[in-house]
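Student: Just so it is clear, I am handing over protein-v4.txt, which has compact mmCIF, C-alpha atoms.
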# COMPACT_ATOMS: atom_id res chain seq x y z
CA MET J 1 -72.39 48.30 -22.98
CA GLU J 2 -70.59 51.61 -23.20
CA VAL J 3 -70.48 51.16 -26.95
CA ALA J 4 -74.27 50.98 -27.10
CA PHE J 5 -74.56 54.09 -24.98
CA TYR J 6 -72.17 56.08 -27.13
CA ILE J 7 -73.77 54.97 -30.40
CA ALA J 8 -77.23 55.91 -29.15
CA ALA J 9 -75.96 59.25 -27.87
CA ALA J 10 -74.31 59.98 -31.21
CA VAL J 11 -77.53 59.10 -33.05
CA ALA J 12 -79.47 61.41 -30.72
CA ILE J 13 -77.09 64.32 -31.28
CA ILE J 14 -76.95 63.85 -35.06
CA SER J 15 -80.71 63.56 -35.47
CA THR J 16 -81.29 66.58 -33.23
CA ILE J 17 -78.86 68.68 -35.25
CA LEU J 18 -80.53 67.56 -38.48
CA MET J 19 -83.90 68.43 -36.94
CA LEU J 20 -82.79 71.93 -36.01
CA THR J 21 -81.19 72.69 -39.35
CA GLY J 22 -84.01 71.30 -41.45
CA LEU J 23 -86.34 73.64 -43.28
CA ASN J 24 -89.35 71.40 -43.77
CA VAL J 25 -91.54 70.72 -40.77
CA VAL J 26 -92.37 67.13 -41.62
CA HIS J 27 -88.74 66.17 -42.18
CA ALA J 28 -87.80 67.85 -38.92
CA LEU J 29 -90.54 65.88 -37.16
CA LEU J 30 -89.13 62.62 -38.52
CA TYR J 31 -85.71 63.49 -37.16
CA LEU J 32 -87.22 64.54 -33.84
CA ILE J 33 -88.94 61.17 -33.50
CA VAL J 34 -85.63 59.41 -34.20
CA SER J 35 -83.99 61.64 -31.60
CA LEU J 36 -86.55 60.68 -28.97
CA LEU J 37 -86.11 56.97 -29.76
CA ALA J 38 -82.35 57.39 -29.42
CA ILE J 39 -82.79 59.01 -26.03
CA ALA J 40 -84.99 56.08 -25.03
CA VAL J 41 -82.18 53.69 -25.99
CA VAL J 42 -79.80 55.80 -23.91
CA PHE J 43 -82.14 55.43 -20.95
CA TYR J 44 -82.26 51.70 -21.44
CA ALA J 45 -78.51 51.48 -21.71
CA ILE J 46 -77.85 53.34 -18.48
CA GLY J 47 -80.27 51.19 -16.53
CA ALA J 48 -83.59 53.03 -16.46
CA PRO J 49 -85.96 50.75 -18.41
CA PHE J 50 -89.18 52.22 -17.02
CA VAL J 51 -88.35 55.71 -18.22
CA ALA J 52 -87.22 54.31 -21.57
CA ALA J 53 -90.62 52.69 -22.06
CA LEU J 54 -92.37 55.92 -21.05
CA GLU J 55 -90.26 57.91 -23.46
CA VAL J 56 -91.23 55.66 -26.35
CA ILE J 57 -94.90 55.43 -25.41
CA ILE J 58 -95.67 58.99 -24.40
CA TYR J 59 -93.13 61.15 -26.20
CA ALA J 60 -92.62 59.30 -29.46
CA GLY J 61 -96.07 57.77 -29.38
CA ALA J 62 -98.46 60.44 -28.18
CA ILE J 63 -96.85 63.86 -28.38
CA MET J 64 -95.23 63.31 -31.75
CA VAL J 65 -98.47 61.93 -33.17
CA LEU J 66 -100.10 65.14 -31.97
CA PHE J 67 -97.46 67.18 -33.78
CA VAL J 68 -97.82 65.20 -37.00
CA PHE J 69 -101.60 65.43 -36.76
CA VAL J 70 -101.55 69.21 -36.41
CA VAL J 71 -99.02 69.63 -39.21
CA MET J 72 -101.07 67.50 -41.54
CA MET J 73 -104.27 69.27 -40.50
CA LEU J 74 -102.90 72.75 -41.17
CA ASN J 75 -102.33 71.94 -44.82
CA LEU J 76 -105.86 71.05 -45.76
CA GLY J 77 -106.61 72.08 -49.28
CA GLU J 78 -106.68 71.00 -52.85
CA HIS J 79 -102.93 70.81 -53.17
CA ALA J 80 -102.48 68.90 -49.92
CA ILE J 81 -102.13 65.49 -51.53
CA SER J 82 -99.54 66.62 -54.03
CA MET J 83 -97.70 68.46 -51.26
CA GLU J 84 -97.62 65.36 -49.10
CA LYS J 85 -96.33 63.39 -52.03
CA ALA J 86 -93.59 65.96 -52.49
CA TRP J 87 -92.77 65.85 -48.77
CA LEU J 88 -92.53 62.11 -48.47
CA THR J 89 -90.44 61.23 -51.47
CA PRO J 90 -88.34 58.09 -50.98
CA GLY J 91 -85.13 60.07 -50.68
CA ILE J 92 -86.37 61.76 -47.55
CA TRP J 93 -86.76 58.49 -45.70
CA ILE J 94 -83.12 57.50 -46.04
CA GLY J 95 -81.66 59.61 -43.24
CA PRO J 96 -84.17 58.74 -40.49
CA THR J 97 -84.33 55.14 -41.67
CA ILE J 98 -80.59 54.66 -41.36
CA LEU J 99 -80.53 56.19 -37.88
CA ALA J 100 -83.58 54.25 -36.71
CA GLY J 101 -82.17 51.03 -38.16
CA LEU J 102 -78.99 51.61 -36.21
CA LEU J 103 -81.07 52.00 -33.06
CA LEU J 104 -83.02 48.84 -33.88
CA VAL J 105 -79.85 46.80 -34.28
CA GLU J 106 -78.60 48.20 -31.01
CA VAL J 107 -81.80 47.38 -29.12
CA ALA J 108 -81.78 43.86 -30.58
CA TYR J 109 -78.21 43.46 -29.37
CA LEU J 110 -79.06 44.74 -25.92
CA VAL J 111 -82.12 42.51 -25.58
CA ALA J 112 -80.36 39.43 -26.94
CA ARG J 113 -77.46 40.03 -24.61
CA GLY J 114 -79.61 39.45 -21.56
CA GLY J 115 -81.07 41.15 -18.55
CA GLY J 116 -78.08 43.00 -17.19
CA ALA J 117 -78.45 45.85 -19.64
CA HIS J 118 -76.85 48.67 -17.78
CA MET J 119 -73.59 50.52 -17.58
CA GLY J 120 -72.19 51.91 -14.39
CA ALA J 121 -73.97 51.47 -11.12
CA GLY J 122 -77.01 49.32 -11.81
CA ILE J 123 -80.67 49.22 -12.71
CA VAL J 124 -83.20 51.44 -10.99
CA ALA J 125 -86.17 49.11 -11.18
CA PRO J 126 -89.74 50.24 -11.92
CA LYS J 127 -90.82 48.89 -8.55
CA GLN J 128 -88.41 51.21 -6.79
CA VAL J 129 -89.61 54.14 -8.91
CA GLY J 130 -93.22 53.39 -8.06
CA ILE J 131 -92.56 53.12 -4.35
CA VAL J 132 -90.79 56.48 -4.31
CA LEU J 133 -93.35 58.10 -6.63
CA PHE J 134 -96.34 57.24 -4.47
CA GLY J 135 -94.43 57.62 -1.22
CA PRO J 136 -92.69 60.94 -0.66
CA TYR J 137 -93.69 62.41 -4.02
CA VAL J 138 -97.45 61.85 -3.90
CA ILE J 139 -98.12 65.57 -3.66
CA GLY J 140 -96.23 65.97 -6.90
CA VAL J 141 -98.51 63.41 -8.53
CA GLU J 142 -101.53 65.41 -7.40
CA LEU J 143 -100.02 68.63 -8.73
CA ALA J 144 -99.26 66.93 -12.05
CA SER J 145 -102.88 65.83 -12.29
CA MET J 146 -104.01 69.41 -11.67
CA LEU J 147 -101.60 70.62 -14.35
CA LEU J 148 -102.91 68.11 -16.85
CA LEU J 149 -106.49 69.11 -16.07
CA ALA J 150 -105.57 72.77 -16.60
CA GLY J 151 -103.93 71.85 -19.89
CA LEU J 152 -107.02 69.96 -20.99
CA VAL J 153 -109.37 72.83 -20.14
CA GLY J 154 -107.06 75.38 -21.74
CA ALA J 155 -106.67 73.42 -24.94
CA TYR J 156 -110.43 72.96 -25.15
CA HIS J 157 -111.02 76.65 -24.55
CA LEU J 158 -108.51 77.66 -27.20
CA GLY J 159 -109.60 75.09 -29.71
CA VAL J 160 -113.38 75.31 -29.53
CA ARG J 161 -113.74 78.90 -30.68
CA THR J 162 -112.93 78.37 -34.31
CA THR J 163 -115.80 76.00 -34.89
CA PRO J 164 -118.73 78.48 -34.97
CA ARG J 165 -116.73 80.91 -37.08
CA SER J 166 -115.87 78.33 -39.70
CA GLU J 167 -119.44 77.09 -39.62
CA VAL J 168 -120.68 80.61 -40.30
CA ARG J 169 -118.23 80.95 -43.15
CA ASN J 170 -119.21 77.62 -44.64
CA ALA J 171 -122.88 78.50 -44.34
CA ARG J 172 -122.28 81.81 -46.08
CA ASP J 173 -120.38 80.13 -48.89
CA THR J 174 -123.10 77.57 -49.27
CA HIS J 175 -125.71 80.30 -49.32
CA THR J 176 -123.98 82.36 -51.98
CA ARG J 177 -123.28 79.35 -54.10
CA TRP J 178 -126.54 77.44 -53.95
CA ALA J 179 -129.35 79.32 -52.32
CA ALA J 180 -129.35 82.38 -54.54
CA PRO J 181 -130.01 80.61 -57.86
CA ARG J 182 -132.63 78.42 -56.31
CA ARG J 183 -134.58 81.28 -54.84
CA ASP J 184 -135.91 82.54 -58.16
CA PRO J 185 -134.81 80.37 -61.03
CA VAL J 186 -135.47 81.78 -64.42
CA LEU J 187 -137.39 79.74 -66.89
CA PRO J 188 -135.39 78.91 -69.98
CA GLY J 189 -136.29 81.04 -72.91
CA THR J 190 -138.19 83.60 -70.86
CA ASP J 191 -137.07 86.46 -68.68
CA ARG J 192 -139.39 85.90 -65.79
CA PRO J 193 -138.86 83.80 -62.66
CA ALA J 194 -140.56 80.47 -62.49
CA ARG J 195 -142.70 81.13 -59.45
CA THR J 196 -144.39 84.28 -60.59
CA PRO J 197 -147.99 83.59 -61.37
CA MET P 198 -93.84 74.99 -34.93
CA PHE P 199 -90.06 74.84 -34.73
CA MET P 200 -90.27 76.71 -31.44
CA LEU P 201 -92.40 73.95 -29.94
CA MET P 202 -90.14 71.24 -31.29
CA SER P 203 -87.06 72.93 -29.91
CA LEU P 204 -88.85 73.25 -26.59
CA GLU P 205 -89.36 69.50 -26.63
CA VAL P 206 -85.66 68.99 -27.26
CA MET P 207 -84.73 71.23 -24.36
CA LEU P 208 -87.12 69.46 -21.99
CA ASN P 209 -85.65 66.16 -23.11
CA ALA P 210 -82.16 67.40 -22.36
CA ALA P 211 -83.18 68.39 -18.85
CA GLY P 212 -84.87 65.05 -18.32
CA LEU P 213 -81.85 63.20 -19.63
CA ALA P 214 -79.66 65.01 -17.12
CA PHE P 215 -82.06 64.08 -14.32
CA VAL P 216 -82.16 60.41 -15.28
CA LEU P 217 -78.39 60.23 -15.70
CA ALA P 218 -77.84 61.72 -12.26
CA GLY P 219 -80.39 59.30 -10.80
CA ALA P 220 -78.65 56.36 -12.47
CA ARG P 221 -75.28 57.55 -11.25
CA TRP P 222 -76.28 57.65 -7.58
CA GLN P 223 -78.80 54.78 -7.76
CA GLN P 224 -81.74 56.88 -6.69
CA ALA P 225 -85.23 56.81 -8.16
CA ASP P 226 -85.69 60.57 -7.76
CA GLY P 227 -84.22 61.32 -11.16
CA GLN P 228 -86.85 59.20 -12.85
CA ILE P 229 -89.56 60.84 -10.75
CA ALA P 230 -88.37 64.24 -11.97
CA PHE P 231 -88.46 62.93 -15.53
CA LEU P 232 -92.06 61.81 -15.04
CA PHE P 233 -93.01 65.30 -13.90
CA ILE P 234 -91.20 66.81 -16.87
CA LEU P 235 -93.14 64.43 -19.11
CA ALA P 236 -96.50 65.52 -17.68
CA MET P 237 -95.51 69.17 -18.00
CA ALA P 238 -94.42 68.68 -21.60
CA ALA P 239 -97.70 66.98 -22.47
CA ALA P 240 -99.77 69.84 -21.01
CA GLU P 241 -97.54 72.45 -22.62
CA VAL P 242 -97.63 70.90 -26.05
CA SER P 243 -101.41 70.63 -26.05
CA ILE P 244 -101.74 74.34 -25.22
CA GLY P 245 -99.06 75.26 -27.71
CA LEU P 246 -100.63 73.33 -30.56
CA ALA P 247 -104.03 74.86 -29.79
CA LEU P 248 -102.39 78.29 -30.02
CA VAL P 249 -100.78 77.32 -33.32
CA LEU P 250 -104.19 76.30 -34.67
CA GLN P 251 -105.68 79.62 -33.55
CA LEU P 252 -102.80 81.48 -35.19
CA TYR P 253 -103.36 79.64 -38.43
CA HIS P 254 -107.11 80.23 -38.38
CA HIS P 255 -106.78 83.94 -37.74
CA PHE P 256 -103.79 84.88 -39.86
CA ASN P 257 -103.41 82.01 -42.33
CA SER P 258 -99.77 81.79 -41.42
CA LEU P 259 -97.50 79.91 -39.07
CA ASP P 260 -95.04 82.77 -38.72
CA ALA P 261 -94.85 83.95 -35.12
CA ASP P 262 -93.75 87.41 -36.25
CA VAL P 263 -97.28 88.00 -37.52
CA LEU P 264 -98.33 88.38 -33.90
CA SER P 265 -96.57 91.70 -33.48
CA GLY P 266 -99.57 93.90 -32.72
CA MET P 267 -101.86 94.14 -29.75
CA LYS P 268 -105.53 94.99 -29.63
CA GLY P 269 -106.34 98.31 -28.02
Could you rewrite the structure in this file as structure tokens?
Tutor:
Amino acid sequence: MEVAFYIAAAVAIISTILMLTGLNVVHALLYLIVSLLAIAVVFYAIGAPFVAALEVIIYAGAIMVLFVFVVMMLNLGEHAISMEKAWLTPGIWIGPTILAGLLLVEVAYLVARGGGAHMGAGIVAPKQVGIVLFGPYVIGVELASMLLLAGLVGAYHLGVRTTPRSEVRNARDTHTRWAAPRRDPVLPGTDRPARTP
Amino acid sequence: MFMLMSLEVMLNAAGLAFVLAGARWQQADGQIAFLFILAMAAAEVSIGLALVLQLYHHFNSLDADVLSGMKG
């Protein structure tokens, strides 16, 4: 069991170092996702399965998808497809795939080995966590809900302002490109507009 | 963008320390602290990514050094 913990910790450290030293944002995000999965395996190995599941679901599932979504959205343009092809060449996948495969083998070993997947003292069960969370720490849950509401309102306030501006710009572009020739089209062969009587 | 990702790494390190201490002494409080860190990271990353989008819309750049001037 200690072997699993040390392998997962080594994978986490290596992928985090590769994330910090990388120059490309998408490659760094891949390594960051592998790092979070490795930390989840560490949690599972030390006997905290509930937090390991939350780490995979929320961190690697939700927050990282948000990061990838924003990174892909910031590169909208004509050259975006070719840039994505250049980013995701097959050679790039090798590093994160090896590390994630190592983690997969390790998780398969831990699951196949049986329920007592912990090193050291023992498992802190999800039931125990829930009892303590909604017992003495219920005020913390309320404060976390307030914080999440503030984050939601703040993100909406920061994100909604660009929409009218881009709409105005798009409307201006459309106007200059299409509306001006249509306003007074010139008849072919003559110099006068079509609508003049 | 790398600032936000490094912030995630630092929050994970703090959470890992909490969970390890909770596993060492068989208390659930470490995992509770990690849950709060998780909620805080989710709120923070939504605000941070909204700011990154605003930065890109206004300056067409992701460089934080562009934001070196103040209005007024």
Student: What are the closest atom pairs, with distances in Å to one decimal, for each residue of chain P lying within 8 Å of chain J, using all atoms listed in the file, rows by chain and rising residue number, as a Markdown table?
Tutor:
| residue | atom | partner | partner_atom | distance |
| --- | --- | --- | --- | --- |
| P:Met198 | CA | J:Val25 | CA | 7.6 |
| P:Phe199 | CA | J:Val25 | CA | 7.5 |
| P:Met202 | CA | J:Leu32 | CA | 7.7 |
| P:Ser203 | CA | J:Leu20 | CA | 7.5 |
| P:Val206 | CA | J:Thr16 | CA | 7.8 |
| P:Leu213 | CA | J:Ile39 | CA | 7.7 |
| P:Val216 | CA | J:Phe43 | CA | 7.5 |
| P:Leu217 | CA | J:Ile46 | CA | 7.4 |
| P:Ala220 | CA | J:Gly47 | CA | 6.8 |
| P:Arg221 | CA | J:Ala121 | CA | 6.2 |
| P:Trp222 | CA | J:Ala121 | CA | 7.5 |
| P:Gln223 | CA | J:Val124 | CA | 6.4 |
| P:Gln224 | CA | J:Val124 | CA | 7.1 |
| P:Ala225 | CA | J:Val129 | CA | 5.2 |
| P:Asp226 | CA | J:Val132 | CA | 7.4 |
| P:Gln228 | CA | J:Val51 | CA | 6.6 |
| P:Ile229 | CA | J:Leu133 | CA | 6.2 |
| P:Phe231 | CA | J:Val51 | CA | 7.7 |
| P:Leu232 | CA | J:Val51 | CA | 7.8 |
| P:Phe233 | CA | J:Ala144 | CA | 6.7 |
| P:Leu235 | CA | J:Tyr59 | CA | 7.8 |
| P:Ala236 | CA | J:Ala144 | CA | 6.4 |
| P:Met237 | CA | J:Leu147 | CA | 7.2 |
| P:Ala239 | CA | J:Ile63 | CA | 6.7 |
| P:Ala240 | CA | J:Gly151 | CA | 4.8 |
| P:Glu241 | CA | J:Gly151 | CA | 7.0 |
| P:Val242 | CA | J:Ile63 | CA | 7.5 |
| P:Ser243 | CA | J:Ala155 | CA | 6.1 |
| P:Ile244 | CA | J:Ala155 | CA | 5.0 |
| P:Leu246 | CA | J:Val70 | CA | 7.2 |
| P:Ala247 | CA | J:Gly159 | CA | 5.6 |
| P:Leu248 | CA | J:Leu158 | CA | 6.8 |
| P:Leu250 | CA | J:Gly159 | CA | 7.4 |
| P:Gln251 | CA | J:Gly159 | CA | 7.1 |
| P:Tyr253 | CA | J:Leu74 | CA | 7.4 |
| P:His254 | CA | J:Thr162 | CA | 7.3 |
Student: Could the residues in this selection be saved with C-alpha atoms as a tab-separated table (two decimals), in the coordinates of the input?
Tutor:
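Saved file part.tsv follows:
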chain	number	residue	atom	x	y	z
P	198	MET	CA	-93.84	74.99	-34.93
P	199	PHE	CA	-90.06	74.84	-34.73
P	202	MET	CA	-90.14	71.24	-31.29
P	203	SER	CA	-87.06	72.93	-29.91
P	206	VAL	CA	-85.66	68.99	-27.26
P	213	LEU	CA	-81.85	63.20	-19.63
P	216	VAL	CA	-82.16	60.41	-15.28
P	217	LEU	CA	-78.39	60.23	-15.70
P	220	ALA	CA	-78.65	56.36	-12.47
P	221	ARG	CA	-75.28	57.55	-11.25
P	222	TRP	CA	-76.28	57.65	-7.58
P	223	GLN	CA	-78.80	54.78	-7.76
P	224	GLN	CA	-81.74	56.88	-6.69
P	225	ALA	CA	-85.23	56.81	-8.16
P	226	ASP	CA	-85.69	60.57	-7.76
P	228	GLN	CA	-86.85	59.20	-12.85
P	229	ILE	CA	-89.56	60.84	-10.75
P	231	PHE	CA	-88.46	62.93	-15.53
P	232	LEU	CA	-92.06	61.81	-15.04
P	233	PHE	CA	-93.01	65.30	-13.90
P	235	LEU	CA	-93.14	64.43	-19.11
P	236	ALA	CA	-96.50	65.52	-17.68
P	237	MET	CA	-95.51	69.17	-18.00
P	239	ALA	CA	-97.70	66.98	-22.47
P	240	ALA	CA	-99.77	69.84	-21.01
P	241	GLU	CA	-97.54	72.45	-22.62
P	242	VAL	CA	-97.63	70.90	-26.05
P	243	SER	CA	-101.41	70.63	-26.05
P	244	ILE	CA	-101.74	74.34	-25.22
P	246	LEU	CA	-100.63	73.33	-30.56
P	247	ALA	CA	-104.03	74.86	-29.79
P	248	LEU	CA	-102.39	78.29	-30.02
P	250	LEU	CA	-104.19	76.30	-34.67
P	251	GLN	CA	-105.68	79.62	-33.55
P	253	TYR	CA	-103.36	79.64	-38.43
P	254	HIS	CA	-107.11	80.23	-38.38
Student: May I have the residues at most 8 Å from (-76.3, 54.6, -35.9) in the file's coordinates, counting all atoms listed in the file, as a ChimeraX atom specification?
Tutor: /J:7-8,10-11,98-103
Student: Calculate how many Å separate atom CA of Val26 of chain J from atom CA of Ser265 of chain P, rounding to one decimal.
Tutor: 26.2 Å
Student: Have a look at atom CA of His255 of chain P and atom CA of Leu204 of chain P and let me know their distance in Å, one decimal.
Tutor: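 These two atoms are separated by 23.7 Å.
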Student: Fewer than 6 positions away in the same chain doesn't count, so skip those; otherwise give me all residues within 10 Å of Leu30 of chain J, counting all atoms listed in the file, as number ranges by chain.
Tutor: J: 15, 18-19, 64, 68, 92-93, 95-97
Student: May I ask for the distance between atom CA of Val249 of chain P and atom CA of Met146 of chain J, given in Å to one decimal place?
Tutor: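 Computing it gives 23.3 Å between the two atoms.
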Student: Just checking: using all atoms listed in the file, which residue out of P:Lys268, P:Leu208, P:Gly245, P:Asn257 ends up closest to Ala230 of chain P?
Tutor: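 Checking each candidate against Ala230 of chain P, we get P:Leu208 as the closest.
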Student: Under the rule that all atoms listed in the file are counted, which of J:Met72, J:Val41, J:Ala12, J:Ala53 is the nearest residue to Leu110 of chain J?
Tutor: J:Val41
